[in-house]
file structure-v4.cif (mmCIF, C-alpha atoms and all ligand atoms)
data_query
#
loop_
_atom_site.label_atom_id
_atom_site.label_comp_id
_atom_site.auth_asym_id
_atom_site.auth_seq_id
_atom_site.Cartn_x
_atom_site.Cartn_y
_atom_site.Cartn_z
CA MET A 1 -11.69 -2.60 26.56
CA SER A 2 -11.05 -6.27 25.65
CA ARG A 3 -8.10 -7.08 23.37
CA THR A 4 -8.84 -7.45 19.73
CA LEU A 5 -7.13 -9.46 17.01
CA ILE A 6 -6.04 -7.99 13.69
CA LEU A 7 -5.16 -10.46 10.93
CA VAL A 8 -3.03 -9.28 7.99
CA THR A 9 -2.66 -11.09 4.63
CA GLY A 10 0.41 -10.77 2.39
CA ALA A 11 2.87 -11.05 5.30
CA GLN A 12 5.93 -11.36 3.05
CA GLY A 13 5.20 -8.22 1.02
CA GLN A 14 6.75 -4.85 1.83
CA LEU A 15 3.59 -3.66 3.55
CA GLY A 16 3.19 -7.00 5.34
CA GLN A 17 6.76 -6.86 6.68
CA SER A 18 6.21 -3.26 7.79
CA PHE A 19 3.41 -4.34 10.18
CA GLN A 20 5.80 -6.65 12.00
CA TRP A 21 8.38 -3.86 12.19
CA ILE A 22 6.12 -1.15 13.62
CA HIS A 23 4.28 -3.52 15.95
CA LYS A 24 7.51 -3.95 17.94
CA PHE A 25 7.20 -0.34 19.16
CA GLY A 26 4.64 1.45 21.30
CA PRO A 27 1.62 0.36 23.34
CA LYS A 28 -0.60 -2.26 21.76
CA SER A 29 -4.29 -2.58 22.37
CA SER A 30 -4.55 -5.27 19.69
CA ASP A 31 -2.86 -8.56 18.87
CA LEU A 32 -1.52 -8.89 15.37
CA ILE A 33 -1.22 -12.05 13.25
CA LEU A 34 0.49 -11.90 9.86
CA LEU A 35 -0.09 -14.67 7.34
CA GLY A 36 1.79 -15.21 4.08
CA ARG A 37 0.40 -16.86 0.96
CA ASP A 38 1.36 -20.34 2.31
CA LYS A 39 -1.01 -19.87 5.29
CA LEU A 40 -3.71 -17.75 3.66
CA ASP A 41 -4.05 -17.77 -0.12
CA ILE A 42 -6.63 -15.11 -0.90
CA THR A 43 -7.67 -16.85 -4.14
CA GLN A 44 -8.63 -20.06 -2.28
CA THR A 45 -11.98 -20.18 -0.47
CA ASP A 46 -10.84 -23.11 1.74
CA SER A 47 -7.63 -21.40 2.74
CA ILE A 48 -9.54 -18.23 3.68
CA ALA A 49 -12.14 -20.16 5.69
CA ARG A 50 -9.48 -22.15 7.56
CA ALA A 51 -7.53 -19.05 8.56
CA LEU A 52 -10.58 -17.00 9.58
CA ASP A 53 -12.06 -19.88 11.59
CA GLN A 54 -8.75 -20.65 13.29
CA TYR A 55 -7.87 -17.08 14.33
CA LYS A 56 -11.34 -15.47 14.52
CA PRO A 57 -9.99 -11.94 13.96
CA THR A 58 -11.94 -8.79 14.77
CA VAL A 59 -10.49 -7.06 11.70
CA LEU A 60 -8.85 -8.44 8.56
CA ILE A 61 -6.41 -6.21 6.64
CA ASN A 62 -5.80 -7.36 3.07
CA ALA A 63 -2.25 -6.36 2.11
CA ALA A 64 -1.89 -9.22 -0.41
CA ALA A 65 -1.89 -8.28 -4.07
CA TYR A 66 -0.41 -8.81 -7.50
CA THR A 67 1.80 -5.71 -7.78
CA ALA A 68 3.90 -6.31 -10.93
CA VAL A 69 2.42 -3.35 -12.81
CA ASP A 70 4.17 -3.96 -16.16
CA LYS A 71 3.92 -7.76 -16.05
CA ALA A 72 0.16 -7.45 -15.48
CA GLU A 73 -0.18 -6.22 -19.08
CA SER A 74 0.83 -9.72 -20.27
CA GLU A 75 -0.77 -11.63 -17.34
CA PRO A 76 -4.20 -9.99 -17.08
CA GLU A 77 -5.95 -13.16 -15.85
CA THR A 78 -3.59 -13.63 -12.92
CA ALA A 79 -3.73 -9.95 -11.99
CA HIS A 80 -7.52 -9.99 -12.18
CA LEU A 81 -7.81 -13.17 -10.11
CA ILE A 82 -5.62 -11.87 -7.26
CA ASN A 83 -6.56 -8.18 -7.33
CA GLY A 84 -10.07 -8.22 -8.79
CA ILE A 85 -11.79 -11.44 -7.73
CA ALA A 86 -10.02 -12.65 -4.56
CA PRO A 87 -10.77 -9.48 -2.50
CA GLY A 88 -14.50 -10.11 -3.11
CA ILE A 89 -14.14 -13.71 -1.89
CA LEU A 90 -12.34 -12.43 1.22
CA ALA A 91 -15.04 -9.82 1.81
CA ALA A 92 -17.83 -12.40 1.51
CA ALA A 93 -16.04 -14.67 4.01
CA CYS A 94 -15.67 -11.72 6.41
CA ALA A 95 -19.35 -10.78 5.96
CA GLU A 96 -20.44 -14.35 6.89
CA ARG A 97 -18.39 -14.23 10.08
CA GLY A 98 -18.97 -10.63 11.23
CA ILE A 99 -15.31 -9.69 10.63
CA ALA A 100 -14.52 -6.08 9.65
CA LEU A 101 -12.36 -5.69 6.52
CA ILE A 102 -9.80 -3.12 5.39
CA HIS A 103 -8.60 -3.57 1.82
CA VAL A 104 -5.57 -1.78 0.34
CA SER A 105 -5.83 -0.23 -3.11
CA THR A 106 -3.95 2.18 -5.34
CA ASP A 107 -3.74 5.60 -7.01
CA TYR A 108 -3.56 3.67 -10.33
CA VAL A 109 -7.38 3.50 -10.31
CA PHE A 110 -7.08 7.06 -11.72
CA ASP A 111 -5.85 7.94 -15.23
CA GLY A 112 -3.72 10.82 -13.94
CA LEU A 113 -5.14 13.44 -16.29
CA ALA A 114 -6.55 15.67 -13.51
CA SER A 115 -4.56 18.78 -12.65
CA GLN A 116 -5.54 18.62 -8.95
CA PRO A 117 -5.09 15.86 -6.36
CA TYR A 118 -7.85 13.24 -6.59
CA ALA A 119 -10.65 13.31 -4.01
CA GLU A 120 -11.86 10.04 -2.50
CA ASP A 121 -15.02 10.21 -4.62
CA ALA A 122 -13.38 11.40 -7.85
CA PRO A 123 -14.39 9.31 -10.89
CA THR A 124 -12.02 6.40 -11.47
CA CYS A 125 -10.59 5.53 -14.89
CA PRO A 126 -7.60 3.17 -14.71
CA ALA A 127 -5.16 3.28 -17.63
CA SER A 128 -3.46 -0.11 -16.99
CA VAL A 129 -4.43 -3.75 -16.43
CA TYR A 130 -3.10 -3.48 -12.87
CA GLY A 131 -5.26 -0.39 -12.20
CA GLN A 132 -8.32 -2.08 -13.72
CA SER A 133 -7.77 -5.19 -11.60
CA LYS A 134 -7.41 -3.12 -8.40
CA LEU A 135 -10.56 -1.13 -9.20
CA ALA A 136 -12.47 -4.40 -9.76
CA GLY A 137 -11.21 -5.52 -6.33
CA GLU A 138 -12.48 -2.34 -4.65
CA GLN A 139 -15.90 -2.85 -6.23
CA ALA A 140 -16.02 -6.54 -5.30
CA VAL A 141 -15.17 -5.72 -1.67
CA LEU A 142 -17.78 -2.98 -1.34
CA THR A 143 -20.44 -5.20 -2.97
CA ALA A 144 -19.81 -8.19 -0.69
CA LEU A 145 -19.28 -6.15 2.49
CA PRO A 146 -20.39 -2.50 2.10
CA SER A 147 -19.10 -1.60 5.58
CA SER A 148 -15.50 -2.32 4.49
CA ILE A 149 -12.77 0.32 4.36
CA ILE A 150 -10.73 0.75 1.16
CA LEU A 151 -7.42 2.54 1.73
CA ARG A 152 -5.84 3.76 -1.51
CA THR A 153 -2.15 4.52 -1.35
CA SER A 154 0.65 5.28 -3.83
CA TRP A 155 4.35 4.83 -4.71
CA VAL A 156 5.10 2.45 -1.82
CA PHE A 157 8.71 2.20 -0.66
CA SER A 158 10.58 0.91 2.38
CA GLN A 159 13.62 -1.07 3.47
CA PHE A 160 11.65 -4.25 2.61
CA GLY A 161 11.01 -6.04 -0.68
CA ASN A 162 11.54 -4.45 -4.07
CA ASN A 163 10.80 -0.79 -4.64
CA PHE A 164 12.07 2.44 -6.24
CA LEU A 165 14.33 3.39 -3.31
CA LYS A 166 16.14 0.05 -3.35
CA THR A 167 16.43 0.15 -7.16
CA MET A 168 17.95 3.65 -6.96
CA LEU A 169 20.51 2.52 -4.36
CA ARG A 170 21.52 -0.45 -6.54
CA LEU A 171 21.77 1.66 -9.71
CA GLY A 172 23.63 4.38 -7.80
CA ARG A 173 26.35 1.85 -6.97
CA GLU A 174 26.49 0.48 -10.54
CA ARG A 175 26.34 3.68 -12.62
CA THR A 176 27.62 7.25 -12.63
CA GLU A 177 24.68 8.68 -14.62
CA LEU A 178 20.95 7.99 -14.43
CA SER A 179 17.92 9.31 -16.35
CA ILE A 180 14.77 9.61 -14.23
CA VAL A 181 11.21 10.49 -15.22
CA ASP A 182 10.28 14.01 -14.12
CA ASP A 183 6.74 14.42 -15.49
CA GLN A 184 4.90 11.92 -13.27
CA ILE A 185 3.86 13.45 -9.96
CA GLY A 186 2.68 11.50 -6.92
CA GLY A 187 3.08 10.84 -3.22
CA PRO A 188 5.83 8.38 -2.22
CA SER A 189 4.43 6.45 0.73
CA TYR A 190 6.66 4.83 3.32
CA ALA A 191 5.23 1.35 3.96
CA PRO A 192 5.54 1.55 7.79
CA HIS A 193 3.59 4.86 7.67
CA ILE A 194 0.84 3.08 5.70
CA ALA A 195 0.88 0.16 8.14
CA GLN A 196 0.54 2.62 11.04
CA VAL A 197 -2.52 4.23 9.44
CA LEU A 198 -4.03 0.81 8.72
CA LEU A 199 -3.63 -0.17 12.38
CA GLN A 200 -5.21 3.12 13.47
CA LEU A 201 -8.14 2.42 11.15
CA ALA A 202 -8.41 -1.15 12.45
CA GLU A 203 -8.50 0.09 16.02
CA ARG A 204 -11.24 2.58 15.09
CA LEU A 205 -13.25 -0.29 13.64
CA CYS A 206 -12.72 -2.35 16.80
CA GLU A 207 -13.78 0.58 19.01
CA SER A 208 -16.94 1.20 17.03
CA LYS A 209 -17.79 -2.53 17.18
CA GLN A 210 -17.42 -2.50 20.97
CA ASP A 211 -19.36 0.75 21.23
CA THR A 212 -22.50 -1.16 20.16
CA GLY A 213 -23.82 1.36 17.71
CA LYS A 214 -23.11 4.63 19.54
CA GLN A 215 -20.41 5.67 17.06
CA GLN A 216 -20.83 5.44 13.32
CA SER A 217 -18.33 2.89 12.04
CA PRO A 218 -15.94 4.28 9.40
CA SER A 219 -16.41 2.74 5.94
CA GLY A 220 -15.83 3.42 2.25
CA VAL A 221 -12.85 4.91 0.44
CA TYR A 222 -9.98 6.70 2.22
CA HIS A 223 -6.70 7.98 0.76
CA PHE A 224 -3.24 7.91 2.29
CA ALA A 225 -0.15 9.11 0.43
CA GLY A 226 3.20 10.52 1.43
CA GLN A 227 3.69 14.27 1.24
CA PRO A 228 4.75 16.58 -0.31
CA SER A 229 3.91 15.46 -3.85
CA VAL A 230 7.00 15.06 -6.01
CA SER A 231 8.21 13.60 -9.33
CA TRP A 232 10.24 10.39 -9.56
CA TYR A 233 13.21 12.64 -10.38
CA GLY A 234 12.73 14.71 -7.20
CA PHE A 235 12.23 11.54 -5.17
CA ALA A 236 15.48 10.07 -6.58
CA GLN A 237 17.41 13.27 -5.81
CA GLU A 238 16.39 13.11 -2.15
CA ILE A 239 17.23 9.38 -1.93
CA PHE A 240 20.75 10.02 -3.27
CA ASP A 241 21.30 13.13 -1.09
CA GLN A 242 20.42 11.19 2.04
CA ALA A 243 22.29 8.03 0.97
CA VAL A 244 25.52 10.04 0.53
CA LYS A 245 25.04 11.79 3.91
CA LEU A 246 24.55 8.41 5.59
CA ASP A 247 27.62 6.90 3.86
CA LEU A 248 25.57 4.33 1.98
CA LEU A 249 26.96 5.72 -1.28
CA ALA A 250 30.35 7.34 -1.85
CA GLN A 251 28.94 9.68 -4.50
CA ALA A 252 25.53 10.38 -6.03
CA PRO A 253 25.22 9.62 -9.76
CA THR A 254 24.53 12.53 -12.12
CA LEU A 255 20.76 12.66 -12.65
CA THR A 256 19.08 13.74 -15.88
CA ALA A 257 15.38 14.60 -15.85
CA ILE A 258 13.51 12.91 -18.72
CA SER A 259 9.87 12.69 -19.84
CA THR A 260 7.63 9.61 -19.72
CA ASN A 261 7.92 9.37 -23.52
CA GLN A 262 11.67 8.84 -23.16
CA TYR A 263 11.12 5.89 -20.79
CA PRO A 264 8.45 3.68 -22.39
CA THR A 265 6.99 0.90 -20.20
CA PRO A 266 4.39 -1.81 -21.01
CA ALA A 267 1.86 -0.25 -18.55
CA LYS A 268 0.71 3.34 -18.81
CA ARG A 269 1.17 5.25 -15.54
CA PRO A 270 -0.79 8.28 -14.30
CA ALA A 271 0.98 11.61 -14.90
CA GLN A 272 -0.54 13.15 -11.77
CA SER A 273 -1.78 10.84 -9.05
CA SER A 274 -1.61 12.95 -5.89
CA LEU A 275 -4.42 12.07 -3.51
CA GLN A 276 -6.62 14.33 -1.37
CA GLN A 277 -6.71 12.93 2.16
CA GLY A 278 -9.46 14.93 3.84
CA ARG A 279 -11.54 11.90 4.89
CA LEU A 280 -8.59 10.30 6.67
CA ASP A 281 -7.65 13.58 8.39
CA ALA A 282 -11.23 14.05 9.56
CA LEU A 283 -11.35 10.52 10.97
CA LEU A 284 -7.93 10.16 12.63
CA GLY A 285 -6.83 13.81 12.96
CA ALA A 286 -4.13 15.19 10.64
CA GLN A 287 -1.64 15.45 13.55
CA ALA A 288 -1.94 11.71 14.24
CA ILE A 289 -0.75 10.78 10.75
CA GLU A 290 2.91 10.58 9.70
CA ARG A 291 3.20 11.31 5.98
CA ASP A 292 6.61 12.88 5.32
CA TRP A 293 8.33 10.56 2.82
CA ARG A 294 11.69 12.29 3.47
CA ARG A 295 11.59 10.86 7.01
CA GLY A 296 10.60 7.53 5.46
CA ILE A 297 13.71 7.63 3.25
CA LYS A 298 15.87 8.26 6.33
CA GLN A 299 14.30 5.38 8.24
CA SER A 300 14.65 3.04 5.23
CA LEU A 301 18.31 3.96 4.73
CA LEU A 302 19.16 3.60 8.43
CA ALA A 303 17.48 0.19 8.50
CA LEU A 304 19.34 -0.90 5.34
CA LYS A 305 22.60 0.33 6.83
CA GLN A 306 21.99 -1.79 9.94
CA MET A 307 21.29 -4.85 7.79
CA ARG A 308 24.66 -4.58 5.98
N1 LIG A 401 4.01 -1.21 -4.35
C1 LIG A 401 3.45 -0.05 -4.67
O1 LIG A 401 4.10 0.87 -5.18
C2 LIG A 401 1.99 0.16 -4.40
C3 LIG A 401 1.40 1.40 -4.78
C4 LIG A 401 0.04 1.62 -4.49
C5 LIG A 401 -0.69 0.63 -3.85
N2 LIG A 401 -0.10 -0.55 -3.52
C6 LIG A 401 -0.92 -1.58 -2.87
O2 LIG A 401 -0.39 -1.78 -1.57
C7 LIG A 401 -0.62 -3.16 -1.17
C8 LIG A 401 0.67 -3.78 -0.67
O3 LIG A 401 1.63 -3.73 -1.72
P1 LIG A 401 3.15 -4.15 -1.48
O4 LIG A 401 3.98 -3.07 -2.07
O5 LIG A 401 3.36 -4.57 -0.07
O6 LIG A 401 3.21 -5.41 -2.45
P2 LIG A 401 4.22 -6.63 -2.48
O7 LIG A 401 5.49 -6.27 -1.80
O8 LIG A 401 4.24 -7.10 -3.88
O9 LIG A 401 3.48 -7.70 -1.58
C9 LIG A 401 2.30 -8.34 -1.97
C10 LIG A 401 2.24 -9.66 -1.25
O10 LIG A 401 1.01 -10.29 -1.62
C11 LIG A 401 1.29 -11.67 -1.73
N3 LIG A 401 0.32 -12.39 -2.54
C12 LIG A 401 0.19 -12.40 -3.89
N4 LIG A 401 -0.80 -13.23 -4.25
C13 LIG A 401 -1.30 -13.74 -3.10
C14 LIG A 401 -2.34 -14.68 -2.80
N5 LIG A 401 -3.05 -15.26 -3.77
N6 LIG A 401 -2.61 -14.96 -1.50
C15 LIG A 401 -1.88 -14.39 -0.52
N7 LIG A 401 -0.87 -13.54 -0.74
C16 LIG A 401 -0.59 -13.22 -2.02
C17 LIG A 401 2.67 -11.74 -2.36
O11 LIG A 401 3.20 -13.00 -2.10
P3 LIG A 401 4.28 -13.65 -3.06
O12 LIG A 401 5.57 -13.00 -2.64
O13 LIG A 401 4.18 -15.10 -2.74
O14 LIG A 401 3.88 -13.30 -4.47
C18 LIG A 401 3.39 -10.62 -1.62
O15 LIG A 401 4.01 -11.09 -0.45
C19 LIG A 401 -1.25 -3.84 -2.39
O16 LIG A 401 -2.63 -3.82 -2.26
C20 LIG A 401 -0.85 -2.94 -3.55
O17 LIG A 401 -1.75 -3.04 -4.62
C21 LIG A 401 1.22 -0.81 -3.77
#

call {"tool": "encode", "arguments": {"input": "structure-v4.cif", "output": "structure tokens"}}
result
Amino acid sequence: MSRTLILVTGAQGQLGQSFQWIHKFGPKSSDLILLGRDKLDITQTDSIARALDQYKPTVLINAAAYTAVDKAESEPETAHLINGIAPGILAAACAERGIALIHVSTDYVFDGLASQPYAEDAPTCPASVYGQSKLAGEQAVLTALPSSIILRTSWVFSQFGNNFLKTMLRLGRERTELSIVDDQIGGPSYAPHIAQVLLQLAERLCESKQDTGKQQSPSGVYHFAGQPSVSWYGFAQEIFDQAVKLDLLAQAPTLTAISTNQYPTPAKRPAQSSLQQGRLDALLGAQAIERDWRRGIKQSLLALKQMR
């Protein structure tokens, strides 16, 4: 099989940085190029064309996004431009050039009122500007390039960038008591686990391209989320337990479980946003997918310890 090239946008984000990190390990049948906003601005047609024509990737993975969920409530135009419109421009540019596209989306396309995990084809109903902008992006991608893959994920954390785990570690050093929301349930997803799944999907797309029509190429909406589902409170407890064991914290703060009403935020968040993942399991095989966020916490903490 000839080598293929995978191009990733949003290189400086936590998912973008995770690609670089995991690509160091294991056998590689693909080359990987990561481009930050300075090299590929997904809102700029010229910037997209230049990058795609220079690198000629087999697959493009769009990990670039506007992810400030609360700020989006007061910056809806910017959120919509980056999350809603730009992915459609990217998809059209890929369609013109015969490049396969994988676009990353979110559990926030759901309102969180369902009592069961959301299936890939469950009706969407975002409750925030961020969720609306990401849903518009999914629709724009599938309109411009219907063979694209949309991977929805949730509660992303890692040793990179800004995220809940790093906020908890900082607050754990500053305070002896913390109140954490216990009535929002979801799947914390370790960014390198997501990156791994995205590379597996990209390689599937490359294989089906080279197979000249023998295999049906995967397309449409897939879900990936860490397991088991947990509340923010439960997630925080595990972060502090492991941080103390690894000597990153002398002592865990005392945690108090509170309700969403006691912690008002500008953006409304889903109360239950666990995701069914049957389509991904059927495509890649459940055994081939790492989803345990507790192992992700350990890897994040070990990496942060090394960086100290
Ligand atoms: N974070 C979560 O909890 C979460 C949950 C569910 C789904 N997701 C999805 O997962 C994906 C990755 O998220 P993440 O956590 O890695 O986000 P992140 O850390 O905020 O990274 C996003 C990256 O996109 C870049 N970007 C923004 N506008 C751009 C533009 N116009 N052109 C090129 N790059 C641009 C940002 O660059 P700058 O630094 O220059 O702004 C940043 O490096 C996104 O699709 C997000 O919606 C995230």

call {"tool": "residues_near_ligand", "arguments": {"input": "structure-v4.cif", "ligand": "ligand LIG 401 (chain A)", "cutoff": "9 Å", "atoms": "all atoms listed in the file", "output": "number ranges by chain"}}
result
A: 9-18, 35-44, 62-69, 79, 81-83, 86, 103-108, 130-131, 134, 151-158, 160-164, 188-189, 191, 194, 225

call {"tool": "residues_near_point", "arguments": {"input": "structure-v4.cif", "point": "(-15.2, 1.1, 2.2)", "cutoff": "8 Å", "atoms": "all atoms listed in the file", "output": "PyMOL selection string"}}
result
chain A and resi 102+141-142+146-151+218-222

call {"tool": "atom_distance", "arguments": {"input": "structure-v4.cif", "atom1": "CA of Ile180 (chain A)", "atom2": "CA of Pro266 (chain A)"}}
result
16.9 Å

call {"tool": "axis_aligned_box", "arguments": {"input": "structure-v4.cif", "around": "region 155-164 of chain A", "padding_each_side": "6 Å", "output": "AutoDock Vina command-line options"}}
result
--center_x 9.0 --center_y -0.6 --center_z -1.4 --size_x 21.3 --size_y 22.9 --size_z 21.7

call {"tool": "atom_distance", "arguments": {"input": "structure-v4.cif", "atom1": "CA of Gln306 (chain A)", "atom2": "CA of Ala243 (chain A)"}}
result
13.3 Å

call {"tool": "residues_around", "arguments": {"input": "structure-v4.cif", "residues": "Gln299 (chain A)", "least_positions_apart": "4", "cutoff": "9 Å", "atoms": "all atoms listed in the file", "output": "tab-separated table (two decimals) with C-alpha atoms, in the frame of the given file"}}
result
chain	number	residue	atom	x	y	z
A	158	SER	CA	10.58	0.91	2.38
A	159	GLN	CA	13.62	-1.07	3.47
A	294	ARG	CA	11.69	12.29	3.47
A	295	ARG	CA	11.59	10.86	7.01
A	303	ALA	CA	17.48	0.19	8.50
A	304	LEU	CA	19.34	-0.90	5.34

call {"tool": "residues_around", "arguments": {"input": "structure-v4.cif", "residues": "Thr265 (chain A)", "least_positions_apart": "4", "cutoff": "9 Å", "atoms": "all atoms listed in the file", "output": "VMD selection string"}}
result
chain A and resid 70 260 269

call {"tool": "residues_around", "arguments": {"input": "structure-v4.cif", "residues": "Met168 (chain A)", "least_positions_apart": "5", "cutoff": "10 Å", "atoms": "only C-alpha atoms", "output": "PDB file with C-alpha atoms, in the frame of the given file"}}
result
ATOM      1  CA  ASN A 163      10.800  -0.790  -4.640  1.00  0.00           C
ATOM      2  CA  ARG A 173      26.350   1.850  -6.970  1.00  0.00           C
ATOM      3  CA  GLU A 174      26.490   0.480 -10.540  1.00  0.00           C
ATOM      4  CA  LEU A 178      20.950   7.990 -14.430  1.00  0.00           C
ATOM      5  CA  ILE A 180      14.770   9.610 -14.230  1.00  0.00           C
ATOM      6  CA  PHE A 235      12.230  11.540  -5.170  1.00  0.00           C
ATOM      7  CA  ALA A 236      15.480  10.070  -6.580  1.00  0.00           C
ATOM      8  CA  GLN A 237      17.410  13.270  -5.810  1.00  0.00           C
ATOM      9  CA  ILE A 239      17.230   9.380  -1.930  1.00  0.00           C
ATOM     10  CA  PHE A 240      20.750  10.020  -3.270  1.00  0.00           C
ATOM     11  CA  PRO A 253      25.220   9.620  -9.760  1.00  0.00           C
TER      12      PRO A 253
END
